[in-house]
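> If it helps, the file is called upload_7.tsv and holds TSV, C-alpha atoms:
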```
chain	number	residue	atom	x	y	z
A	1	MET	CA	-16.58	-10.85	6.92
A	2	LEU	CA	-14.34	-12.80	4.54
A	3	ALA	CA	-15.74	-16.27	5.29
A	4	ILE	CA	-18.32	-16.25	2.50
A	5	THR	CA	-19.38	-19.03	0.15
A	6	PRO	CA	-18.58	-19.07	-3.60
A	7	GLU	CA	-22.26	-18.38	-4.29
A	8	GLU	CA	-22.24	-15.33	-2.02
A	9	ARG	CA	-19.00	-14.10	-3.58
A	10	LYS	CA	-20.70	-13.92	-6.99
A	11	ALA	CA	-22.86	-11.10	-5.61
A	12	PHE	CA	-19.74	-8.88	-5.56
A	13	LYS	CA	-19.40	-7.97	-9.22
A	14	TYR	CA	-15.96	-6.40	-8.80
A	15	GLY	CA	-15.06	-7.85	-5.42
A	16	MET	CA	-15.32	-6.20	-2.04
A	17	ILE	CA	-13.23	-3.10	-1.24
A	18	ALA	CA	-12.54	-2.16	2.37
A	19	GLN	CA	-10.68	0.90	3.67
A	20	ILE	CA	-8.47	0.11	6.66
A	21	ASP	CA	-6.54	2.52	8.83
A	22	ARG	CA	-2.75	2.32	8.87
A	23	SER	CA	-2.00	0.66	12.20
A	24	GLN	CA	0.84	-1.66	13.18
A	25	GLY	CA	-1.55	-4.59	13.43
A	26	HIS	CA	-2.85	-4.07	9.89
A	27	LEU	CA	0.70	-3.73	8.53
A	28	GLU	CA	1.92	-6.93	10.20
A	29	ARG	CA	3.27	-9.47	7.74
A	30	ALA	CA	2.39	-13.16	7.67
A	31	SER	CA	4.48	-15.42	9.88
A	32	ASP	CA	5.81	-17.35	6.85
A	33	CYS	CA	6.35	-14.42	4.43
A	34	LEU	CA	9.63	-14.24	2.49
A	35	ASN	CA	11.41	-11.50	4.39
A	36	VAL	CA	14.64	-11.86	6.38
A	37	LYS	CA	13.15	-9.62	9.10
A	38	THR	CA	10.22	-11.95	9.74
A	39	ALA	CA	10.43	-12.58	13.48
A	40	PRO	CA	12.63	-13.99	14.91
A	41	GLY	CA	14.67	-13.73	11.68
A	42	ILE	CA	16.43	-16.10	9.31
A	43	ASN	CA	19.67	-17.90	10.18
A	44	ALA	CA	22.59	-18.70	7.92
A	45	GLY	CA	22.29	-22.43	8.69
A	46	PRO	CA	19.26	-24.76	8.77
A	47	GLY	CA	16.81	-25.37	11.60
A	48	ASN	CA	16.93	-23.73	15.03
A	49	GLN	CA	14.37	-21.01	15.88
A	50	GLN	CA	13.96	-19.36	12.46
A	51	PRO	CA	10.45	-19.28	10.91
A	52	HIS	CA	9.30	-21.92	8.47
A	53	TYR	CA	9.16	-19.82	5.31
A	54	ARG	CA	6.67	-20.53	2.52
A	55	HIS	CA	7.67	-22.04	-0.82
A	56	THR	CA	8.42	-19.82	-3.83
A	57	PHE	CA	9.38	-19.84	-7.52
A	58	ALA	CA	12.74	-18.56	-8.67
A	59	PRO	CA	14.91	-18.80	-11.83
A	60	LEU	CA	17.16	-21.83	-11.93
A	61	PRO	CA	20.97	-21.37	-11.66
A	62	ARG	CA	23.54	-22.40	-14.25
A	63	LYS	CA	25.70	-25.52	-14.17
A	64	ALA	CA	29.50	-25.45	-13.85
A	65	ASP	CA	29.81	-25.75	-17.63
A	66	GLY	CA	27.57	-22.68	-18.13
A	67	THR	CA	24.44	-24.53	-19.27
A	68	GLN	CA	21.08	-23.99	-17.55
A	69	PHE	CA	19.42	-26.45	-15.19
A	70	GLN	CA	16.04	-27.51	-16.57
A	71	HIS	CA	14.23	-28.62	-13.40
A	72	TRP	CA	14.42	-27.73	-9.72
A	73	SER	CA	14.98	-31.37	-8.71
A	74	GLU	CA	18.38	-31.23	-10.43
A	75	CYS	CA	19.79	-28.54	-8.14
A	76	ARG	CA	17.42	-27.95	-5.23
A	77	GLN	CA	16.62	-29.88	-2.08
A	78	PRO	CA	12.90	-30.78	-1.95
A	79	LEU	CA	12.50	-30.66	1.84
A	80	CYS	CA	13.97	-28.30	4.41
A	81	SER	CA	14.79	-31.17	6.79
A	82	ILE	CA	15.56	-34.84	6.18
A	83	SER	CA	14.82	-36.37	9.59
A	84	PRO	CA	11.95	-36.20	10.28
A	85	PRO	CA	10.57	-35.28	6.82
A	86	CYS	CA	8.96	-31.83	6.75
A	87	VAL	CA	5.20	-32.21	6.27
A	88	ILE	CA	4.74	-28.59	5.10
A	89	CYS	CA	7.43	-28.91	2.41
A	90	GLN	CA	6.04	-32.28	1.35
A	91	GLY	CA	2.63	-30.69	0.78
A	92	ALA	CA	4.17	-27.86	-1.26
A	93	VAL	CA	6.12	-30.32	-3.43
A	94	ALA	CA	3.00	-32.41	-4.04
A	95	LYS	CA	1.02	-29.32	-5.10
A	96	PHE	CA	3.60	-27.24	-6.98
A	97	GLY	CA	6.44	-29.67	-7.72
A	98	HIS	CA	5.41	-29.90	-11.38
A	99	ARG	CA	6.75	-26.39	-11.96
A	100	PRO	CA	10.42	-26.44	-13.03
A	101	ASP	CA	11.27	-23.26	-11.04
A	102	PHE	CA	9.82	-24.46	-7.72
A	103	GLN	CA	11.88	-23.95	-4.55
A	104	SER	CA	10.98	-25.07	-1.04
A	105	ILE	CA	12.31	-22.69	1.63
A	106	GLY	CA	11.21	-23.87	5.06
A	107	GLN	CA	14.07	-23.70	7.55
A	108	LYS	CA	16.96	-24.22	5.14
A	109	GLY	CA	18.73	-20.99	6.09
A	110	SER	CA	20.04	-18.19	3.88
A	111	LYS	CA	23.22	-20.05	2.84
A	112	LYS	CA	21.35	-23.03	1.38
A	113	ILE	CA	18.70	-20.84	-0.27
A	114	LEU	CA	21.30	-18.71	-2.04
A	115	TYR	CA	23.27	-21.80	-3.06
A	116	GLU	CA	20.20	-23.30	-4.71
A	117	ARG	CA	19.71	-20.03	-6.62
A	118	GLY	CA	23.33	-19.75	-7.71
A	119	LYS	CA	23.79	-16.50	-5.75
A	120	LEU	CA	26.14	-17.72	-3.01
A	121	ARG	CA	29.68	-16.38	-3.23
A	122	ALA	CA	32.76	-17.60	-1.36
A	123	GLY	CA	33.35	-15.88	1.96
A	124	MET	CA	29.80	-14.48	2.34
A	125	LYS	CA	28.91	-13.98	6.01
A	126	ALA	CA	25.40	-14.16	7.45
A	127	PRO	CA	24.66	-10.38	7.26
A	128	GLU	CA	25.69	-10.22	3.59
A	129	GLN	CA	23.67	-13.35	2.83
A	130	LYS	CA	20.56	-11.73	4.30
A	131	GLU	CA	21.13	-8.52	2.35
A	132	VAL	CA	21.54	-10.36	-0.96
A	133	LEU	CA	18.55	-12.61	-0.28
A	134	ASN	CA	16.24	-9.72	0.61
A	135	GLN	CA	17.07	-8.08	-2.73
A	136	GLU	CA	15.69	-11.03	-4.67
A	137	PRO	CA	12.42	-10.24	-6.56
A	138	ASP	CA	10.35	-12.66	-4.47
A	139	TRP	CA	11.90	-11.58	-1.14
A	140	GLY	CA	11.76	-8.35	0.85
A	141	SER	CA	8.81	-6.62	-0.84
A	142	THR	CA	6.12	-8.58	0.99
A	143	LYS	CA	2.55	-7.47	1.61
A	144	SER	CA	0.81	-7.41	4.96
A	145	ALA	CA	-1.08	-10.50	6.11
A	146	ILE	CA	-4.44	-8.75	5.83
A	147	GLN	CA	-3.71	-7.70	2.22
A	148	GLU	CA	-2.80	-11.27	1.32
A	149	LEU	CA	-6.02	-12.48	2.96
A	150	PHE	CA	-8.20	-10.03	1.01
A	151	GLU	CA	-6.52	-10.82	-2.31
A	152	ARG	CA	-6.78	-14.57	-1.70
A	153	GLU	CA	-10.55	-14.15	-1.28
A	154	GLY	CA	-10.81	-11.99	-4.41
A	155	HIS	CA	-11.20	-8.66	-2.59
A	156	CYS	CA	-9.16	-5.49	-2.13
A	157	ALA	CA	-7.91	-3.85	1.09
A	158	LEU	CA	-6.98	-0.17	0.94
A	159	ILE	CA	-4.48	0.74	3.68
A	160	GLY	CA	-4.74	4.38	4.78
A	161	VAL	CA	-2.00	6.97	4.48
A	162	ALA	CA	0.39	7.32	7.42
A	163	CYS	CA	-0.17	10.39	9.66
A	164	HIS	CA	-3.33	11.41	7.75
A	165	PRO	CA	-6.34	10.31	9.84
A	166	GLU	CA	-8.51	12.86	8.01
A	167	PHE	CA	-8.55	10.45	5.03
A	168	ALA	CA	-10.24	7.72	7.09
A	169	SER	CA	-13.94	8.21	7.78
A	170	LYS	CA	-13.70	5.90	10.79
A	171	GLU	CA	-11.37	8.38	12.50
A	172	HIS	CA	-14.06	11.05	12.18
A	173	GLY	CA	-16.45	8.60	13.80
A	174	TRP	CA	-14.11	8.16	16.76
A	175	ARG	CA	-13.98	11.95	17.07
A	176	ARG	CA	-17.76	12.07	17.29
A	177	LEU	CA	-17.79	9.26	19.86
A	178	LYS	CA	-15.22	11.05	22.02
A	179	GLN	CA	-17.34	14.20	21.96
A	180	LEU	CA	-20.35	12.21	23.16
A	181	THR	CA	-18.53	10.38	25.97
A	182	LYS	CA	-15.87	12.80	27.24
A	183	TRP	CA	-18.26	14.81	29.39
A	184	GLY	CA	-19.27	11.83	31.59
A	185	VAL	CA	-15.93	10.07	32.15
A	186	ASN	CA	-15.26	9.63	35.88
A	187	GLY	CA	-12.15	7.42	35.79
A	188	THR	CA	-13.91	4.04	36.01
A	189	MET	CA	-13.95	1.46	33.22
A	190	SER	CA	-17.60	0.55	33.85
A	191	LYS	CA	-18.73	4.15	33.28
A	192	LEU	CA	-16.60	4.44	30.14
A	193	LYS	CA	-18.13	1.26	28.69
A	194	GLU	CA	-21.60	2.59	29.47
A	195	LEU	CA	-20.91	5.93	27.76
A	196	VAL	CA	-19.38	4.27	24.70
A	197	ALA	CA	-22.36	1.93	24.32
A	198	GLU	CA	-24.78	4.87	24.54
A	199	GLY	CA	-22.71	6.98	22.15
A	200	ARG	CA	-22.56	4.27	19.49
A	201	LEU	CA	-26.35	4.09	19.45
A	202	LYS	CA	-26.59	7.84	18.89
A	203	LEU	CA	-24.27	7.75	15.87
A	204	GLY	CA	-26.60	6.84	13.05
A	205	LEU	CA	-26.22	6.38	9.31
A	206	LYS	CA	-26.39	10.11	8.60
A	207	ALA	CA	-23.31	10.79	10.72
A	208	ARG	CA	-21.37	7.99	9.01
A	209	LEU	CA	-22.26	9.34	5.56
A	210	GLU	CA	-21.17	12.83	6.62
A	211	ASP	CA	-17.84	11.45	7.84
A	212	ALA	CA	-17.31	9.63	4.53
A	213	ARG	CA	-18.09	12.81	2.59
A	214	GLN	CA	-15.68	14.82	4.75
A	215	SER	CA	-12.89	12.34	3.93
A	216	ARG	CA	-13.63	12.57	0.21
A	217	GLU	CA	-13.61	16.38	0.34
A	218	CYS	CA	-10.22	16.33	2.05
A	219	MET	CA	-8.84	13.91	-0.57
A	220	GLU	CA	-10.11	16.19	-3.35
A	221	ALA	CA	-8.44	19.19	-1.69
A	222	TYR	CA	-5.07	17.40	-1.51
A	223	ARG	CA	-5.44	16.31	-5.14
A	224	GLN	CA	-6.10	19.85	-6.37
A	225	LEU	CA	-3.15	21.26	-4.43
A	226	ALA	CA	-0.91	18.54	-5.87
A	227	LEU	CA	-2.06	19.34	-9.42
A	228	LEU	CA	-1.19	23.00	-8.86
A	229	GLY	CA	2.21	22.09	-7.45
A	230	GLN	CA	1.47	23.94	-4.20
A	231	ASP	CA	2.58	23.01	-0.69
A	232	VAL	CA	-0.21	21.97	1.64
A	233	THR	CA	-0.97	24.52	4.36
A	234	PHE	CA	-3.96	24.76	6.70
A	235	GLU	CA	-5.22	27.86	4.87
A	236	ARG	CA	-4.99	26.31	1.39
A	237	LEU	CA	-6.45	23.02	2.59
A	238	ASP	CA	-9.40	24.78	4.23
A	239	LYS	CA	-10.01	26.78	1.05
A	240	TRP	CA	-10.13	23.71	-1.20
A	241	ILE	CA	-12.26	21.72	1.25
A	242	LYS	CA	-14.85	24.51	1.19
A	243	LYS	CA	-14.72	24.53	-2.60
A	244	ALA	CA	-15.11	20.75	-2.73
A	245	LYS	CA	-18.27	20.98	-0.61
A	246	THR	CA	-19.96	22.92	-3.40
A	247	HIS	CA	-19.02	20.25	-5.97
A	248	ARG	CA	-21.65	17.50	-6.15
A	249	GLY	CA	-19.36	15.13	-8.04
A	250	VAL	CA	-16.83	14.57	-5.27
A	251	MET	CA	-18.22	11.15	-4.44
A	252	SER	CA	-18.35	10.15	-8.12
A	253	SER	CA	-14.82	11.43	-8.68
A	254	GLU	CA	-13.46	9.26	-5.85
A	255	ALA	CA	-15.32	6.21	-7.18
A	256	GLY	CA	-14.14	6.96	-10.71
A	257	ALA	CA	-10.51	7.37	-9.65
A	258	MET	CA	-10.63	4.11	-7.69
A	259	LYS	CA	-12.15	2.17	-10.61
A	260	PHE	CA	-9.63	3.71	-13.00
A	261	HIS	CA	-6.63	2.56	-10.92
A	262	LEU	CA	-8.16	-0.90	-10.40
A	263	GLY	CA	-8.86	-1.32	-14.11
A	264	LEU	CA	-12.63	-1.53	-13.60
A	265	LYS	CA	-15.33	-0.19	-15.90
A	266	ALA	CA	-17.01	2.97	-14.60
A	267	ASN	CA	-20.66	3.85	-15.22
A	268	SER	CA	-21.62	6.81	-17.43
A	269	THR	CA	-22.10	9.27	-14.54
A	270	THR	CA	-18.84	8.43	-12.85
A	271	ALA	CA	-16.95	8.41	-16.14
A	272	ALA	CA	-18.32	11.85	-17.05
A	273	VAL	CA	-17.29	13.34	-13.70
A	274	LEU	CA	-13.86	11.74	-13.95
A	275	LYS	CA	-13.41	13.15	-17.46
A	276	ARG	CA	-14.27	16.65	-16.23
A	277	LEU	CA	-11.77	16.30	-13.41
A	278	GLN	CA	-9.07	15.14	-15.81
A	279	THR	CA	-9.81	18.10	-18.10
A	280	ARG	CA	-9.67	20.47	-15.15
A	281	ALA	CA	-6.36	18.95	-14.05
A	282	ALA	CA	-4.92	19.39	-17.57
A	283	ASN	CA	-6.11	23.01	-17.65
A	284	SER	CA	-4.57	23.64	-14.24
A	285	LYS	CA	-1.20	22.32	-15.42
A	286	LEU	CA	-1.42	24.42	-18.60
A	287	LYS	CA	-2.32	27.52	-16.60
A	288	LYS	CA	0.57	26.94	-14.19
A	289	ALA	CA	3.04	26.43	-17.07
A	290	LEU	CA	1.82	29.63	-18.77
A	291	PHE	CA	2.05	31.59	-15.51
A	292	ASP	CA	5.60	30.32	-14.87
A	293	ALA	CA	6.66	31.25	-18.43
A	294	CYS	CA	5.20	34.77	-18.11
A	295	ASN	CA	6.79	35.25	-14.72
A	296	LYS	CA	10.17	34.11	-16.06
A	297	ARG	CA	9.88	36.48	-19.03
A	298	TRP	CA	8.87	39.37	-16.76
A	299	THR	CA	11.86	38.68	-14.49
A	300	GLN	CA	14.21	38.72	-17.48
A	301	LYS	CA	12.79	42.06	-18.67
A	302	LYS	CA	13.24	43.64	-15.24
A	303	ARG	CA	16.85	42.44	-15.09
A	304	LYS	CA	17.49	43.79	-18.60
A	305	ALA	CA	16.00	47.18	-17.68
A	306	ALA	CA	18.06	47.30	-14.51
A	307	ARG	CA	21.27	46.56	-16.42
A	308	ALA	CA	20.45	49.23	-19.03
A	309	LYS	CA	19.81	51.75	-16.26
A	310	SER	CA	23.10	50.84	-14.61
A	311	TYR	CA	25.07	51.22	-17.87
A	312	GLY	CA	23.41	54.60	-18.53
A	313	ALA	CA	24.38	55.90	-15.11
A	314	GLN	CA	28.01	54.83	-15.63
A	315	ALA	CA	28.16	56.56	-19.03
```
How does this structure look as structure tokens?


Amino acid sequence: MLAITPEERKAFKYGMIAQIDRSQGHLERASDCLNVKTAPGINAGPGNQQPHYRHTFAPLPRKADGTQFQHWSECRQPLCSISPPCVICQGAVAKFGHRPDFQSIGQKGSKKILYERGKLRAGMKAPEQKEVLNQEPDWGSTKSAIQELFEREGHCALIGVACHPEFASKEHGWRRLKQLTKWGVNGTMSKLKELVAEGRLKLGLKARLEDARQSRECMEAYRQLALLGQDVTFERLDKWIKKAKTHRGVMSSEAGAMKFHLGLKANSTTAAVLKRLQTRAANSKLKKALFDACNKRWTQKKRKAARAKSYGAQA
């Protein structure tokens, strides 16, 4: 799906956007990402079984006299191993070595990496080195491998919300497929494969569009409840889903919200629907604030009346 030519990529005006469910496989990080928890983990010293981490760019440390180093070659080791020379690090130096803040990582180990950044303190043990290193801006907060792949190709991958399969239209499709196959399961894999193949043929485009609409209606219901500051319950969620079904702009509102967050230009129809939704959200907040103020004032009056009644009885 991502192996397309530059000419084919031009057909995607804003890039391709794919919604992916939140599974462990989709959240898996790249094998060379800058994270101390990347399996099997980083060591304090060089070599051994730690991963070969990718290169990065980090601010240069200061010299002993307090002045700043001007180029990475003055304070950083170009390769992660001397004998034999590391081919991966050599390639990174040849491609990015012109940048003054370049740093090859490879299998140097946390002690050497922190030393080259000027962050190593006397007496730091391996656990503390890992903790300090993972707090660096270019370490720790790494994206999943599939997100990096999409962004590298100029596309966008939307990872679903944890524990909310109702937001993913594909999950509704699996529900339909289970309903079509469950009746004929007899405990054999051959029969299950046969039922799944038949069920997939029965699920046409109409069913997929209905599943996508159901996900959008559920998203709209959650959004409205959040704007009102209400906790999500089955009753409230069902109410807002039914209300969303009567609103023809649900699909446009989702597209408009997505384009707004991605910084893309929306068409006139989508922009109009999004503007109405923003106005409705502002009105909902204003209504809630007014209701809270009135309720607070009413509570104060009741307390004042109760105190006056109490004082009158004592007199």

> Which one of A:Gly199, A:Glu74, A:Lys170, A:Lys239 sits closest to A:Lys182 if you count all atoms listed in the file?

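That would be A:Gly199, the residue with the smallest distance to A:Lys182.
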
> Using all atoms listed in the file, pick whichever of A:Lys112, A:Lys119, A:Lys95, A:Arg236 has the shortest atom-to-atom distance to A:Asn43.

A:Lys112

> One decimal, Å: what's the distance from atom CA of A:Gly109 over to atom CA of A:Ala94, could you say?

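Answer for the atom CA of A:Gly109 to atom CA of A:Ala94 separation: 21.9 Å.
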
> Is there a way to get, as number ranges by chain, all residues within 8 Å of the point (-19.9, 6.2, 10.4) in file coordinates, counting all atoms listed in the file?

A: 169-170, 172-173, 203-212

> Could you state the separation of atom CA of A:Glu151 and atom CA of A:Gln107 in Å, given to one decimal place?

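About the pair atom CA of A:Glu151 and atom CA of A:Gln107: they are 26.2 Å apart.
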
> Just give me the gap between atom CA of A:Ala157 and atom CA of A:Ile20 in Å, one decimal is fine.

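That distance, rounded to one decimal, is 6.9 Å.
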
> Which neighbours of A:Gln19 fall inside 8 Å, counting all atoms listed in the file, when residues of the same chain fewer than 3 positions from it are skipped, and could you give them as a count of residues only?

5

> Between A:Gly229, A:Gly118, A:Gly140, A:Gly106, which has the minimum distance to A:Pro51 (counting all atoms listed in the file)?

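Looking at the shortest contact to A:Pro51, the residue is A:Gly106.
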
> Tell me which of A:Tyr222, A:Val196, A:Lys111, A:Gln70 sits closest to A:Trp183, counting all atoms listed in the file.

A:Val196

> Give as a PDB file with C-alpha atoms, keeping the file's coordinate frame the set of residues within 7 Å of the point (8.8, -21.4, -12.7), where distances use the file's coordinates and all atoms listed in the file.


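Heads up, here's the output in part-v2.pdb:
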```
ATOM      1  CA  PHE A  57       9.380 -19.840  -7.520  1.00  0.00           C
ATOM      2  CA  ALA A  58      12.740 -18.560  -8.670  1.00  0.00           C
ATOM      3  CA  PRO A  59      14.910 -18.800 -11.830  1.00  0.00           C
ATOM      4  CA  ARG A  99       6.750 -26.390 -11.960  1.00  0.00           C
ATOM      5  CA  PRO A 100      10.420 -26.440 -13.030  1.00  0.00           C
ATOM      6  CA  ASP A 101      11.270 -23.260 -11.040  1.00  0.00           C
ATOM      7  CA  PHE A 102       9.820 -24.460  -7.720  1.00  0.00           C
TER       8      PHE A 102
END
```

> Name the closest residue to A:Gly41 among the candidates A:Asn134, A:Gln224, A:Gln24, A:Ser73; distances are taken between atoms, counting all atoms listed in the file.

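Nearest candidate to A:Gly41 out of A:Asn134, A:Gln224, A:Gln24, A:Ser73: A:Asn134.
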
> Leaving out A:Ser110 and any residue of its chain fewer than 5 positions from it, which residues lie within 7 Å of it when counting all atoms listed in the file, given as a list in words?

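The residues satisfying every condition are Ile42, Asn43, Ala44, Gly45, Gln129 and Lys130 of chain A.
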
> Can you pull out the residues contacting A:Lys285? Cut-off 12 Å, using all atoms listed in the file, and skip same-chain residues under 6 positions away; I want them as a ChimeraX atom specification.

/A:224-230,278-279,291-292

> Choose the residue, out of A:Ala145, A:Ala289, A:Leu79, A:Cys86, that has the smallest atom-to-atom separation from A:His26; count only C-alpha atoms.

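For A:His26, the nearest of the candidates is A:Ala145.
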
> With 6 Å of padding per side, what axis-aligned box (centre and edge lengths, Å, one decimal) covers all the listed atoms of stretch 178-184 of chain A? Give it as JSON.


```
{"center_x": -17.8, "center_y": 12.6, "center_z": 26.8, "size_x": 17.1, "size_y": 16.4, "size_z": 21.6}
```

> Near A:Ala197, within 12 Å and counting all atoms listed in the file, which residues show up once chain neighbours fewer than 4 positions away are dropped, as a VMD selection string?

chain A and resid 177 to 178 180 to 181 190 to 193 201 to 203

> Taking C-alpha atoms for each residue, export the selection above as a JSON list (two decimals), in the frame of the given file.


```
[["chain", "number", "residue", "atom", "x", "y", "z"],
["A", 177, "LEU", "CA", -17.79, 9.26, 19.86],
["A", 178, "LYS", "CA", -15.22, 11.05, 22.02],
["A", 180, "LEU", "CA", -20.35, 12.21, 23.16],
["A", 181, "THR", "CA", -18.53, 10.38, 25.97],
["A", 190, "SER", "CA", -17.60, 0.55, 33.85],
["A", 191, "LYS", "CA", -18.73, 4.15, 33.28],
["A", 192, "LEU", "CA", -16.60, 4.44, 30.14],
["A", 193, "LYS", "CA", -18.13, 1.26, 28.69],
["A", 201, "LEU", "CA", -26.35, 4.09, 19.45],
["A", 202, "LYS", "CA", -26.59, 7.84, 18.89],
["A", 203, "LEU", "CA", -24.27, 7.75, 15.87]]
```

> May I ask you to restore N, CA and C atoms in stretch 104-126 of chain A and write the result as a short mmCIF file (atom, residue, chain, number, x, y, z; two decimals), in the coordinates of the input?


```
data_model
loop_
_atom_site.label_atom_id
_atom_site.label_comp_id
_atom_site.auth_asym_id
_atom_site.auth_seq_id
_atom_site.Cartn_x
_atom_site.Cartn_y
_atom_site.Cartn_z
N SER A 104 11.46 -25.03 -2.43
CA SER A 104 10.98 -25.07 -1.04
C SER A 104 11.97 -24.29 -0.18
N ILE A 105 11.46 -23.54 0.78
CA ILE A 105 12.31 -22.69 1.63
C ILE A 105 12.39 -23.26 3.04
N GLY A 106 11.24 -23.29 3.72
CA GLY A 106 11.21 -23.87 5.06
C GLY A 106 12.23 -23.28 6.00
N GLN A 107 13.04 -24.14 6.60
CA GLN A 107 14.07 -23.70 7.55
C GLN A 107 15.48 -24.03 7.03
N LYS A 108 15.66 -23.90 5.73
CA LYS A 108 16.96 -24.22 5.14
C LYS A 108 18.06 -23.25 5.58
N GLY A 109 17.73 -21.99 5.77
CA GLY A 109 18.73 -20.99 6.09
C GLY A 109 19.18 -20.25 4.83
N SER A 110 19.70 -19.04 5.01
CA SER A 110 20.04 -18.19 3.88
C SER A 110 21.16 -18.78 3.01
N LYS A 111 22.11 -19.49 3.61
CA LYS A 111 23.22 -20.05 2.84
C LYS A 111 22.73 -21.07 1.83
N LYS A 112 21.87 -21.99 2.26
CA LYS A 112 21.35 -23.03 1.38
C LYS A 112 20.44 -22.44 0.32
N ILE A 113 19.62 -21.46 0.68
CA ILE A 113 18.70 -20.84 -0.27
C ILE A 113 19.46 -20.16 -1.39
N LEU A 114 20.50 -19.40 -1.03
CA LEU A 114 21.30 -18.71 -2.04
C LEU A 114 22.08 -19.70 -2.91
N TYR A 115 22.54 -20.79 -2.29
CA TYR A 115 23.27 -21.80 -3.06
C TYR A 115 22.37 -22.42 -4.13
N GLU A 116 21.13 -22.71 -3.76
CA GLU A 116 20.20 -23.30 -4.71
C GLU A 116 19.79 -22.32 -5.81
N ARG A 117 20.01 -21.04 -5.60
CA ARG A 117 19.71 -20.03 -6.62
C ARG A 117 20.94 -19.62 -7.41
N GLY A 118 22.10 -20.13 -7.03
CA GLY A 118 23.33 -19.75 -7.71
C GLY A 118 23.82 -18.37 -7.34
N LYS A 119 23.41 -17.85 -6.17
CA LYS A 119 23.79 -16.50 -5.75
C LYS A 119 24.80 -16.49 -4.61
N LEU A 120 25.21 -17.66 -4.13
CA LEU A 120 26.14 -17.72 -3.01
C LEU A 120 27.57 -17.55 -3.50
N ARG A 121 28.28 -16.63 -2.88
CA ARG A 121 29.68 -16.38 -3.23
C ARG A 121 30.59 -16.82 -2.07
N ALA A 122 31.81 -17.14 -2.38
CA ALA A 122 32.76 -17.60 -1.36
C ALA A 122 33.04 -16.48 -0.36
N GLY A 123 33.04 -16.84 0.91
CA GLY A 123 33.35 -15.88 1.96
C GLY A 123 32.19 -15.02 2.42
N MET A 124 30.97 -15.28 1.94
CA MET A 124 29.80 -14.48 2.34
C MET A 124 29.42 -14.82 3.78
N LYS A 125 29.35 -13.80 4.63
CA LYS A 125 28.91 -13.98 6.01
C LYS A 125 27.39 -13.84 6.09
N ALA A 126 26.85 -14.17 7.26
CA ALA A 126 25.40 -14.16 7.45
C ALA A 126 24.76 -12.81 7.12
#
```
